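Text of the file run-v4.txt, holding compact mmCIF, C-alpha atoms:
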```
# COMPACT_ATOMS: atom_id res chain seq x y z
CA MET A 229 7.45 66.29 46.05
CA ASN A 230 3.89 67.52 46.25
CA GLU A 231 1.77 65.33 48.49
CA GLY A 232 -0.77 63.14 46.77
CA LYS A 233 -0.24 64.71 43.35
CA LYS A 234 0.91 63.25 40.06
CA MET A 235 4.62 63.81 39.71
CA ASN A 236 7.28 63.80 37.07
CA VAL A 237 10.20 61.51 37.86
CA TYR A 238 13.37 62.14 35.89
CA ILE A 239 16.37 59.81 35.71
CA ASN A 240 19.85 61.12 34.93
CA GLY A 241 20.83 59.24 31.77
CA ARG A 242 24.37 60.56 31.36
CA PHE A 243 25.66 57.04 32.11
CA LEU A 244 24.54 56.02 28.60
CA THR A 245 27.37 58.16 27.21
CA GLN A 246 29.99 56.24 29.21
CA ARG A 247 31.70 52.87 28.88
CA ILE A 248 29.82 50.29 30.94
CA THR A 249 31.75 49.41 34.09
CA GLY A 250 30.33 48.58 37.53
CA VAL A 251 28.75 51.95 38.29
CA GLN A 252 27.16 52.25 34.85
CA ARG A 253 26.00 48.63 35.06
CA TYR A 254 24.13 49.44 38.27
CA ALA A 255 22.41 52.41 36.61
CA LEU A 256 21.51 50.48 33.48
CA GLU A 257 19.97 47.57 35.37
CA ILE A 258 18.12 49.71 37.93
CA VAL A 259 16.49 51.64 35.07
CA ARG A 260 15.50 48.41 33.33
CA GLU A 261 13.98 47.03 36.52
CA LEU A 262 12.11 50.28 37.23
CA ASP A 263 10.69 50.04 33.72
CA GLU A 264 9.47 46.50 34.43
CA ILE A 265 7.95 47.58 37.76
CA LEU A 266 6.03 50.41 36.09
CA GLY A 267 4.53 47.88 33.68
CA THR A 268 2.95 45.98 36.59
CA ARG A 269 1.84 48.88 38.82
CA ASN A 270 -1.02 51.33 38.54
CA SER A 271 1.27 54.35 38.64
CA HIS A 272 -0.03 57.71 37.46
CA ASP A 273 3.38 59.33 37.60
CA ASN A 274 5.40 60.19 34.53
CA PHE A 275 8.89 58.69 34.25
CA PHE A 276 11.53 60.09 31.90
CA LEU A 277 15.13 59.12 31.20
CA LEU A 278 16.90 62.36 30.27
CA VAL A 279 19.99 61.95 28.07
CA PRO A 280 22.37 64.22 26.16
CA ASP A 281 22.66 63.68 22.41
CA ASP A 282 25.97 61.76 22.52
CA ILE A 283 24.84 58.47 24.03
CA ASN A 284 26.69 55.34 22.88
CA THR A 285 24.55 52.73 24.66
CA ASN A 286 20.93 52.23 23.63
CA ILE A 287 18.31 51.03 26.08
CA LYS A 288 14.88 49.67 25.18
CA LEU A 289 12.17 50.77 27.61
CA ARG A 290 8.40 50.42 27.47
CA ASN A 291 7.21 52.55 30.37
CA ILE A 292 9.95 55.15 30.78
CA GLU A 293 10.22 57.74 28.02
CA VAL A 294 13.76 58.43 26.81
CA LYS A 295 14.19 62.15 26.06
CA LYS A 296 17.24 63.73 24.48
CA CYS A 297 17.73 67.24 25.73
CA GLY A 298 20.25 70.05 25.86
CA MET A 299 23.16 71.16 23.71
CA PHE A 300 26.09 70.30 25.96
CA HIS A 301 27.77 67.08 27.10
CA GLY A 302 29.47 65.60 30.17
CA HIS A 303 29.64 67.55 33.41
CA VAL A 304 28.36 70.76 31.80
CA TRP A 305 25.18 68.99 30.63
CA GLU A 306 24.76 67.34 34.03
CA GLN A 307 25.30 70.46 36.12
CA ILE A 308 23.58 73.11 33.98
CA GLU A 309 21.08 71.59 31.57
CA LEU A 310 19.88 68.52 33.48
CA PRO A 311 18.52 70.53 36.45
CA LEU A 312 16.73 72.83 34.03
CA PHE A 313 15.00 69.99 32.19
CA SER A 314 14.05 68.29 35.48
CA ARG A 315 12.98 71.44 37.31
CA ASP A 316 9.30 70.44 37.51
CA GLY A 317 9.94 67.05 39.07
CA TYR A 318 12.07 64.68 41.11
CA LEU A 319 15.49 63.63 39.80
CA ILE A 320 17.24 60.29 40.32
CA SER A 321 20.98 60.06 39.64
CA LEU A 322 22.47 56.57 39.85
CA CYS A 323 26.21 56.98 39.20
CA GLY A 324 27.45 59.12 42.08
CA CYS A 325 27.42 62.44 40.25
CA ALA A 326 24.34 64.68 40.41
CA PRO A 327 23.52 68.38 39.87
CA LEU A 328 24.96 70.37 42.75
CA PHE A 329 22.17 72.95 42.83
CA LYS A 330 18.98 70.89 42.79
CA GLN A 331 17.05 70.11 45.94
CA ASN A 332 14.32 67.73 44.80
CA GLN A 333 16.47 64.72 43.99
CA THR A 334 18.27 61.62 45.21
CA VAL A 335 21.61 60.10 44.26
CA THR A 336 23.36 56.74 44.57
CA ILE A 337 26.88 57.23 45.94
CA HIS A 338 28.70 53.96 45.42
CA ASP A 339 31.63 54.43 47.80
CA ALA A 340 33.85 56.95 49.59
CA ALA A 341 36.99 56.05 47.66
CA VAL A 342 37.92 59.66 46.86
CA ALA A 343 38.43 60.24 50.59
CA ALA A 344 39.47 56.77 51.75
CA ILE A 345 42.13 56.20 49.06
CA PRO A 346 42.84 59.68 47.65
CA GLU A 347 46.10 58.58 46.03
CA SER A 348 44.07 56.68 43.42
CA PHE A 349 42.54 59.86 41.96
CA THR A 350 43.57 63.20 40.53
CA TRP A 351 43.33 66.25 42.78
CA LEU A 352 40.54 67.85 40.72
CA PHE A 353 38.46 64.67 40.74
CA ARG A 354 38.83 64.31 44.52
CA LYS A 355 37.92 67.94 45.17
CA TRP A 356 34.83 67.92 43.01
CA TYR A 357 33.37 64.73 44.43
CA THR A 358 34.12 65.73 48.02
CA ILE A 359 32.15 68.95 47.52
CA LEU A 360 29.33 67.06 45.81
CA TYR A 361 29.01 64.35 48.45
CA GLN A 362 29.17 66.74 51.38
CA SER A 363 26.49 68.90 49.77
CA ALA A 364 24.26 65.88 49.08
CA GLY A 365 24.60 64.78 52.70
CA LYS A 366 23.47 68.17 53.96
CA HIS A 367 20.67 68.95 51.55
CA LEU A 368 19.10 65.70 50.35
CA SER A 369 16.63 63.74 52.46
CA ARG A 370 17.53 60.34 50.99
CA ILE A 371 20.73 58.86 49.53
CA TYR A 372 21.41 55.34 48.26
CA THR A 373 24.55 53.26 48.33
CA VAL A 374 25.43 49.67 47.40
CA SER A 375 26.57 48.00 50.64
CA ASP A 376 26.54 48.38 54.39
CA PHE A 377 30.29 48.94 54.17
CA SER A 378 29.78 51.94 51.88
CA ARG A 379 26.98 53.25 54.07
CA ASN A 380 29.37 53.43 57.01
CA GLU A 381 32.13 54.90 54.84
CA LEU A 382 29.88 57.74 53.63
CA ASN A 383 29.02 58.52 57.22
CA LYS A 384 32.68 58.40 58.28
CA TRP A 385 34.22 60.49 55.50
CA PHE A 386 31.43 62.90 54.51
CA ASN A 387 29.35 63.08 57.69
CA ILE A 388 26.21 61.88 55.92
CA PRO A 389 23.74 60.75 58.61
CA LEU A 390 23.20 56.99 58.58
CA ASP A 391 19.43 57.40 58.69
CA LYS A 392 19.56 59.18 55.32
CA ILE A 393 21.34 56.30 53.57
CA GLU A 394 19.58 53.21 52.20
CA ILE A 395 21.24 50.18 50.63
CA THR A 396 20.46 49.12 47.07
CA TYR A 397 22.74 46.18 46.30
CA ASN A 398 24.03 45.30 42.86
CA GLY A 399 22.97 42.06 41.17
CA VAL A 400 23.83 39.74 38.30
CA GLU A 401 20.57 39.47 36.36
CA HIS A 402 22.23 41.25 33.45
CA LEU A 403 24.02 37.97 32.70
CA ASN A 404 20.80 36.02 32.14
CA ASN A 405 20.45 37.06 28.51
CA ILE A 406 24.13 37.08 27.52
CA LEU A 407 25.54 34.19 25.50
CA PRO A 408 29.26 33.50 25.99
CA GLU A 409 31.53 34.13 23.02
CA LYS A 410 32.56 30.68 21.76
CA ASN A 411 35.83 31.80 20.19
CA VAL A 412 37.09 33.90 23.08
CA LEU A 413 39.93 31.53 24.01
CA ALA A 414 41.29 31.41 20.48
CA LYS A 415 41.04 35.19 20.19
CA TYR A 416 43.22 35.77 23.25
CA GLY A 417 45.47 32.71 22.99
CA LEU A 418 44.18 31.02 26.14
CA GLU A 419 43.43 27.40 27.07
CA SER A 420 40.44 26.25 29.09
CA ASN A 421 41.15 25.87 32.84
CA ARG A 422 44.78 26.92 32.23
CA TYR A 423 44.58 30.60 33.17
CA ILE A 424 43.76 32.74 36.21
CA LEU A 425 41.37 35.60 35.42
CA ALA A 426 41.28 39.11 36.86
CA VAL A 427 38.78 41.75 35.76
CA SER A 428 38.49 45.48 36.32
CA SER A 429 39.80 48.92 35.46
CA LEU A 430 43.47 49.49 36.25
CA ASN A 431 42.65 51.61 39.28
CA PRO A 432 45.52 51.37 41.80
CA SER A 433 43.02 50.31 44.47
CA LYS A 434 42.28 47.16 42.45
CA ASN A 435 45.75 45.99 43.52
CA PHE A 436 46.92 44.59 40.19
CA LYS A 437 50.44 45.10 41.46
CA MET A 438 49.89 42.02 43.61
CA VAL A 439 48.57 40.07 40.61
CA ALA A 440 51.85 40.86 38.85
CA GLN A 441 53.80 39.77 41.94
CA ALA A 442 51.83 36.51 42.10
CA ALA A 443 52.57 35.89 38.41
CA LEU A 444 56.30 36.29 39.10
CA LYS A 445 56.07 33.73 41.90
CA MET A 446 53.98 31.34 39.80
CA PRO A 447 55.65 31.31 36.34
CA ASP A 448 53.90 28.07 35.35
CA HIS A 449 50.50 29.77 35.54
CA ILE A 450 48.97 32.13 32.98
CA PHE A 451 47.24 35.24 34.33
CA ALA A 452 44.71 37.06 32.11
CA ILE A 453 43.62 40.59 33.02
CA ALA A 454 40.53 42.00 31.29
CA GLY A 455 39.73 45.70 31.59
CA GLY A 456 41.05 49.15 30.83
CA SER A 457 42.22 52.30 32.55
CA ALA A 458 40.97 55.88 32.77
CA ASN A 459 44.03 58.09 32.99
CA SER A 460 41.93 61.24 33.42
CA VAL A 461 40.65 59.85 36.72
CA PHE A 462 43.25 57.43 38.03
CA ASN A 463 46.87 58.25 38.60
CA ASN A 464 49.22 56.53 36.16
CA LEU A 465 50.37 53.06 37.13
CA ASN A 466 53.97 51.99 36.81
CA ILE A 467 53.54 48.23 36.98
CA LYS A 468 55.70 45.98 34.82
CA MET A 469 53.76 42.84 34.00
CA PRO A 470 55.66 39.52 33.70
CA ASP A 471 55.59 37.53 30.46
CA ASN A 472 52.99 35.10 31.86
CA VAL A 473 50.43 37.92 32.20
CA LYS A 474 48.13 38.60 29.24
CA MET A 475 46.59 42.09 29.16
CA LEU A 476 43.32 41.63 27.28
CA GLY A 477 42.09 45.23 27.42
CA TYR A 478 38.38 46.02 27.30
CA VAL A 479 36.26 42.94 26.49
CA SER A 480 32.60 42.63 25.54
CA ASP A 481 30.02 41.10 27.89
CA GLU A 482 29.90 38.01 25.68
CA GLU A 483 33.67 37.62 25.80
CA LEU A 484 33.73 38.14 29.55
CA MET A 485 31.15 35.39 30.05
CA GLY A 486 33.34 33.01 28.08
CA LEU A 487 36.43 34.04 30.03
CA TYR A 488 34.71 33.40 33.37
CA GLN A 489 33.45 29.98 32.27
CA HIS A 490 36.85 28.71 31.14
CA ALA A 491 39.05 30.22 33.87
CA MET A 492 40.80 28.08 36.47
CA CYS A 493 39.72 30.71 38.99
CA PHE A 494 38.97 34.40 39.37
CA VAL A 495 41.12 36.67 41.55
CA TYR A 496 40.08 40.04 42.93
CA PRO A 497 42.63 41.26 45.51
CA SER A 498 41.12 44.74 45.71
CA LEU A 499 42.09 47.14 48.48
CA TYR A 500 38.84 49.07 48.36
CA GLU A 501 35.40 48.19 47.00
CA GLY A 502 31.99 49.74 47.51
CA PHE A 503 30.45 46.46 46.33
CA GLY A 504 32.39 44.50 43.70
CA ILE A 505 30.23 43.03 40.90
CA PRO A 506 32.92 40.86 39.18
CA PRO A 507 33.18 38.25 41.99
CA LEU A 508 29.42 37.66 41.77
CA GLU A 509 29.65 37.46 37.97
CA ALA A 510 32.31 34.79 38.35
CA MET A 511 30.15 32.84 40.82
CA TYR A 512 27.23 33.02 38.40
CA ASN A 513 29.48 31.38 35.79
CA GLU A 514 30.64 28.63 38.20
CA CYS A 515 34.15 30.02 38.44
CA PRO A 516 35.86 29.69 41.87
CA VAL A 517 36.61 33.07 43.42
CA ILE A 518 39.52 34.49 45.46
CA VAL A 519 39.01 37.98 46.91
CA SER A 520 40.73 40.19 49.46
CA ASP A 521 39.54 40.13 53.04
CA CYS A 522 38.75 43.84 53.26
CA ALA A 523 36.16 46.51 52.43
CA SER A 524 32.78 45.24 51.15
CA LEU A 525 34.03 41.92 49.79
CA PRO A 526 33.35 39.73 52.86
CA GLU A 527 29.86 41.25 53.01
CA VAL A 528 29.19 40.39 49.38
CA CYS A 529 30.99 37.06 49.01
CA GLY A 530 30.27 35.46 52.40
CA ASP A 531 31.47 31.86 52.58
CA ALA A 532 31.49 31.46 48.79
CA ALA A 533 35.07 32.67 48.24
CA LEU A 534 38.61 32.13 49.45
CA TYR A 535 40.10 35.20 51.14
CA CYS A 536 43.62 36.56 50.78
CA ASP A 537 45.52 39.32 52.54
CA PRO A 538 45.78 42.06 49.87
CA HIS A 539 49.16 43.10 51.27
CA ASP A 540 50.73 39.62 51.17
CA VAL A 541 51.36 38.05 47.78
CA ASN A 542 52.07 34.68 49.40
CA SER A 543 48.51 34.70 50.72
CA LEU A 544 47.15 35.02 47.18
CA CYS A 545 49.49 32.30 45.89
CA ASP A 546 48.41 29.96 48.69
CA CYS A 547 44.75 30.47 47.77
CA ILE A 548 45.48 29.68 44.11
CA GLU A 549 47.28 26.49 45.14
CA GLU A 550 44.37 25.53 47.41
CA LEU A 551 42.05 25.61 44.42
CA SER A 552 43.97 22.73 42.87
CA GLN A 553 41.94 20.53 45.25
CA GLU A 554 38.77 19.35 43.49
CA LYS A 555 36.72 19.29 46.71
CA VAL A 556 37.58 22.91 47.47
CA ARG A 557 36.70 23.97 43.93
CA ASN A 558 33.38 22.13 43.89
CA ASP A 559 32.41 23.47 47.30
CA LEU A 560 33.10 27.06 46.27
CA ILE A 561 31.23 26.65 42.99
CA ALA A 562 28.11 25.35 44.77
CA LYS A 563 28.21 28.08 47.39
CA GLY A 564 28.84 30.73 44.74
CA ILE A 565 25.74 29.78 42.75
CA GLU A 566 23.65 30.14 45.89
CA ARG A 567 25.37 33.34 46.98
CA CYS A 568 24.76 35.31 43.81
CA ARG A 569 21.01 34.65 44.12
CA ARG A 570 20.92 36.87 47.23
CA PHE A 571 21.71 40.04 45.32
CA THR A 572 19.34 41.34 42.66
CA PHE A 573 18.82 44.66 40.90
CA LYS A 574 15.11 43.89 41.05
CA LYS A 575 15.04 44.10 44.86
CA SER A 576 16.95 47.37 44.77
CA ALA A 577 14.64 48.90 42.15
CA GLU A 578 11.62 47.79 44.19
CA LEU A 579 12.99 49.68 47.19
CA MET A 580 13.54 52.84 45.13
CA TYR A 581 10.04 52.64 43.69
CA LYS A 582 8.51 52.08 47.13
CA ASN A 583 10.33 55.11 48.50
CA LEU A 584 9.12 57.25 45.60
CA GLN A 585 5.54 56.35 46.47
CA LEU A 586 6.06 56.98 50.19
CA ASP A 587 7.60 60.38 49.50
CA ASN A 588 4.62 61.35 47.36
CA GLU A 589 1.86 60.33 49.78
```
Show me the file's structure as structure tokens.
Amino acid sequence: MNEGKKMNVYINGRFLTQRITGVQRYALEIVRELDEILGTRNSHDNFFLLVPDDINTNIKLRNIEVKKCGMFHGHVWEQIELPLFSRDGYLISLCGCAPLFKQNQTVTIHDAAVAAIPESFTWLFRKWYTILYQSAGKHLSRIYTVSDFSRNELNKWFNIPLDKIEITYNGVEHLNNILPEKNVLAKYGLESNRYILAVSSLNPSKNFKMVAQAALKMPDHIFAIAGGSANSVFNNLNIKMPDNVKMLGYVSDEELMGLYQHAMCFVYPSLYEGFGIPPLEAMYNECPVIVSDCASLPEVCGDAALYCDPHDVNSLCDCIEELSQEKVRNDLIAKGIERCRRFTFKKSAELMYKNLQLDNE
């Protein structure tokens, strides 16, 4: 950036063309918080959200101008047209992927999963992101990630210097204005406090195989799994789900809120997470949480969750049984409410904005 001069700040809005999962949620909420910050600061810089013309999620902003640009979509738009339309300013990409040949930019890389668990991804996907992350580590002066765990992983797998990486945690403020769907239980044939909820894409690293194994061992319990799969990214799964598992598919935010609030508990036995928003969402909704004891999850959940060994189905079953004790449930609910207050998109957006100002002094 040019020192002391008015600058143009561009945000990569390709995420608005994608289904909203954890990575897109981060981008959406960071942009909203940056928009709020700009409304309270005497900033002379120009902020733009650049998007292709095939967006399927609308965002209302007051201080960041949304600009449709280009003729292409997807990776072609992001790699060819986006750098052209942001050539006179600084570019922020929030979903891991950024133009390979642009210097004046920053990117949030959420994890190092393509290197740490390569079997979960197609060869082409792994190759592309490895090249992208290694290039970003060499040529960019600042990179963001979503946990201390991911910061160390990016250093380990892609040799990105630790002093280049800053942490911008996820949050749960997006739930504040969402009303739970009242008829969600009837829609999916569930009963309040009579099902165990799991949420995420069917990525092999999410370890839904163990959820299926737990369901086999606990036939008197109903397990409900909300989420979908992306076969173009993740290798096909060959998991046969028992009859006491209900596959709900993709659910709306309103439905998900209702599912959290009526679940007996929430299970998240993931093998690899850069952060893991769903456990915090469950805590926000006063739903007791069981997570695996690896990756970023202990960092995020602290003492507000029960921990299972993601390689031992009996460990998960024992945790579910432990939650039959009212004292254990109430203790986790209280700690969970407090825990989710520690992580906010607002704090992360404040850090990004502060760094923009420092870089332009």
* Enter the distance from atom CA of Ala510 of chain A to atom CA of Tyr488 of chain A, in Å, rounded to one decimal. =>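 Going from atom CA of Ala510 of chain A over to atom CA of Tyr488 of chain A, I get 5.7 Å.
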* Using only C-alpha atoms, collect all residues at a distance of at most 8 Å from (53.0, 30.4, 43.7) as written in the file, then present them as a ChimeraX atom specification. => /A:442-443,445-447,542,545-546,548-549
Using the file's own x, y and z axes, what box holds all listed atoms of segment 469-488 of chain A with 8 Å on each side, keeping edges along x, y and z, and what are its centre and edge lengths in Å to one decimal, as JSON?
```
{"center_x": 42.8, "center_y": 39.5, "center_z": 29.8, "size_x": 41.8, "size_y": 29.0, "size_z": 24.5}
```
* When you draw a straight line from atom CA of Asn431 of chain A to atom CA of Ala533 of chain A, how long is it in Å? ->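 Separating atom CA of Asn431 of chain A from atom CA of Ala533 of chain A is a distance of 22.3 Å.
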* Asked: Which of these residues is nearest to Asp471 of chain A, using all atoms listed in the file: A:His449, A:Arg247, A:His402, A:His490?
  -> A:His449
* Rank nothing, just name the residue among A:Leu560, A:Ile239, A:Ile308, A:Ala344 nearest to Glu293 of chain A, using only C-alpha atoms. => A:Ile239
* Could you give me, as a PyMOL selection string, the residues within 8 Å of Phe503 of chain A, counting only C-alpha atoms and dropping anything in the same chain fewer than 5 positions from it? => chain A and resi 338+374-375+378+397-398+524-525+528
Exercise: residues within 12 Å of coordinate (24.3, 49.7, 38.5), counting all atoms listed in the file, as a PDB file with C-alpha atoms, in the coordinates of the input:
```pdb
ATOM      1  CA  PHE A 243      25.660  57.040  32.110  1.00  0.00           C
ATOM      2  CA  LEU A 244      24.540  56.020  28.600  1.00  0.00           C
ATOM      3  CA  ILE A 248      29.820  50.290  30.940  1.00  0.00           C
ATOM      4  CA  THR A 249      31.750  49.410  34.090  1.00  0.00           C
ATOM      5  CA  GLY A 250      30.330  48.580  37.530  1.00  0.00           C
ATOM      6  CA  VAL A 251      28.750  51.950  38.290  1.00  0.00           C
ATOM      7  CA  GLN A 252      27.160  52.250  34.850  1.00  0.00           C
ATOM      8  CA  ARG A 253      26.000  48.630  35.060  1.00  0.00           C
ATOM      9  CA  TYR A 254      24.130  49.440  38.270  1.00  0.00           C
ATOM     10  CA  ALA A 255      22.410  52.410  36.610  1.00  0.00           C
ATOM     11  CA  LEU A 256      21.510  50.480  33.480  1.00  0.00           C
ATOM     12  CA  GLU A 257      19.970  47.570  35.370  1.00  0.00           C
ATOM     13  CA  ILE A 258      18.120  49.710  37.930  1.00  0.00           C
ATOM     14  CA  VAL A 259      16.490  51.640  35.070  1.00  0.00           C
ATOM     15  CA  ARG A 260      15.500  48.410  33.330  1.00  0.00           C
ATOM     16  CA  GLU A 261      13.980  47.030  36.520  1.00  0.00           C
ATOM     17  CA  SER A 321      20.980  60.060  39.640  1.00  0.00           C
ATOM     18  CA  LEU A 322      22.470  56.570  39.850  1.00  0.00           C
ATOM     19  CA  CYS A 323      26.210  56.980  39.200  1.00  0.00           C
ATOM     20  CA  GLY A 324      27.450  59.120  42.080  1.00  0.00           C
ATOM     21  CA  THR A 336      23.360  56.740  44.570  1.00  0.00           C
ATOM     22  CA  ILE A 337      26.880  57.230  45.940  1.00  0.00           C
ATOM     23  CA  HIS A 338      28.700  53.960  45.420  1.00  0.00           C
ATOM     24  CA  TYR A 372      21.410  55.340  48.260  1.00  0.00           C
ATOM     25  CA  THR A 373      24.550  53.260  48.330  1.00  0.00           C
ATOM     26  CA  VAL A 374      25.430  49.670  47.400  1.00  0.00           C
ATOM     27  CA  THR A 396      20.460  49.120  47.070  1.00  0.00           C
ATOM     28  CA  TYR A 397      22.740  46.180  46.300  1.00  0.00           C
ATOM     29  CA  ASN A 398      24.030  45.300  42.860  1.00  0.00           C
ATOM     30  CA  GLY A 399      22.970  42.060  41.170  1.00  0.00           C
ATOM     31  CA  VAL A 400      23.830  39.740  38.300  1.00  0.00           C
ATOM     32  CA  GLU A 401      20.570  39.470  36.360  1.00  0.00           C
ATOM     33  CA  HIS A 402      22.230  41.250  33.450  1.00  0.00           C
ATOM     34  CA  GLY A 502      31.990  49.740  47.510  1.00  0.00           C
ATOM     35  CA  PHE A 503      30.450  46.460  46.330  1.00  0.00           C
ATOM     36  CA  GLY A 504      32.390  44.500  43.700  1.00  0.00           C
ATOM     37  CA  ILE A 505      30.230  43.030  40.900  1.00  0.00           C
ATOM     38  CA  THR A 572      19.340  41.340  42.660  1.00  0.00           C
ATOM     39  CA  PHE A 573      18.820  44.660  40.900  1.00  0.00           C
ATOM     40  CA  LYS A 574      15.110  43.890  41.050  1.00  0.00           C
ATOM     41  CA  SER A 576      16.950  47.370  44.770  1.00  0.00           C
ATOM     42  CA  ALA A 577      14.640  48.900  42.150  1.00  0.00           C
TER      43      ALA A 577
END
```
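Taking atom CA of Lys474 of chain A and atom CA of Pro506 of chain A as the two end points, the separation is 18.3 Å.
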* Please identify all polymer residues within 9 Å of Ala562 of chain A, counting only C-alpha atoms, omitting same-chain residues fewer than 3 positions from it, and present them as a PyMOL selection string. => chain A and resi 511+514+532+557-559+565-567
Now that the selection is made, can you save its residues with C-alpha atoms as a PDB file, in the coordinates of the input?
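part.pdb, written as the output of this step:
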```
ATOM      1  CA  MET A 511      30.150  32.840  40.820  1.00  0.00           C
ATOM      2  CA  GLU A 514      30.640  28.630  38.200  1.00  0.00           C
ATOM      3  CA  ALA A 532      31.490  31.460  48.790  1.00  0.00           C
ATOM      4  CA  ARG A 557      36.700  23.970  43.930  1.00  0.00           C
ATOM      5  CA  ASN A 558      33.380  22.130  43.890  1.00  0.00           C
ATOM      6  CA  ASP A 559      32.410  23.470  47.300  1.00  0.00           C
ATOM      7  CA  ILE A 565      25.740  29.780  42.750  1.00  0.00           C
ATOM      8  CA  GLU A 566      23.650  30.140  45.890  1.00  0.00           C
ATOM      9  CA  ARG A 567      25.370  33.340  46.980  1.00  0.00           C
TER      10      ARG A 567
END
```
* Asked: Restricting the calculation to only C-alpha atoms, which member of A:Val304, A:Ile406, A:Leu413, A:Ile450 is positioned closest to Ala426 of chain A?
  ->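 So, comparing all the options, the nearest one is A:Ile450.
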* Pick from A:Gln441, A:Asn435, A:Ser271, A:Ser552: nearest to Glu501 of chain A, with all atoms listed in the file counted? -> A:Asn435
Taking 2 positions as the minimum chain separation for residues in the same chain, which residues sit within 10 Å of Glu381 of chain A when counting all atoms listed in the file? Answer as a compact mmCIF listing (two decimals) with C-alpha atoms, in the coordinates of the input.
```txt
# COMPACT_ATOMS: atom_id res chain seq x y z
CA ASP A 339 31.63 54.43 47.80
CA ALA A 340 33.85 56.95 49.59
CA ALA A 341 36.99 56.05 47.66
CA ALA A 343 38.43 60.24 50.59
CA ALA A 344 39.47 56.77 51.75
CA SER A 375 26.57 48.00 50.64
CA ASP A 376 26.54 48.38 54.39
CA PHE A 377 30.29 48.94 54.17
CA SER A 378 29.78 51.94 51.88
CA ARG A 379 26.98 53.25 54.07
CA ASN A 383 29.02 58.52 57.22
CA LYS A 384 32.68 58.40 58.28
CA TRP A 385 34.22 60.49 55.50
CA PHE A 386 31.43 62.90 54.51
CA ASN A 387 29.35 63.08 57.69
CA ILE A 388 26.21 61.88 55.92
CA LEU A 390 23.20 56.99 58.58
CA GLY A 502 31.99 49.74 47.51
CA ALA A 523 36.16 46.51 52.43
```
* Could you name the residues that touch His301 of chain A at 9 Å or less, counting only C-alpha atoms, but leaving out those on the same chain fewer than 5 positions away, as a ChimeraX atom specification? -> /A:242,245,280-282,306
* **Residue nearest Pro311 of chain A among A:Val439, A:Leu278, A:Met299, A:Leu499 (counting all atoms listed in the file)** => A:Leu278
* To do: Can you work out which one of A:Met492, A:Ala454, A:Val427, A:Val479 has the shortest atom-to-atom distance to Pro507 of chain A, counting all atoms listed in the file?
  =>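 Smallest separation from Pro507 of chain A among the options: A:Val427.
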* **Non-local contacts of Pro538 of chain A (12 Å; all atoms listed in the file; under 2 positions in same chain excluded) as a VMD selection string** => chain A and resid 433 to 439 441 to 442 495 to 500 518 to 523 525 535 to 536 540 to 545 547
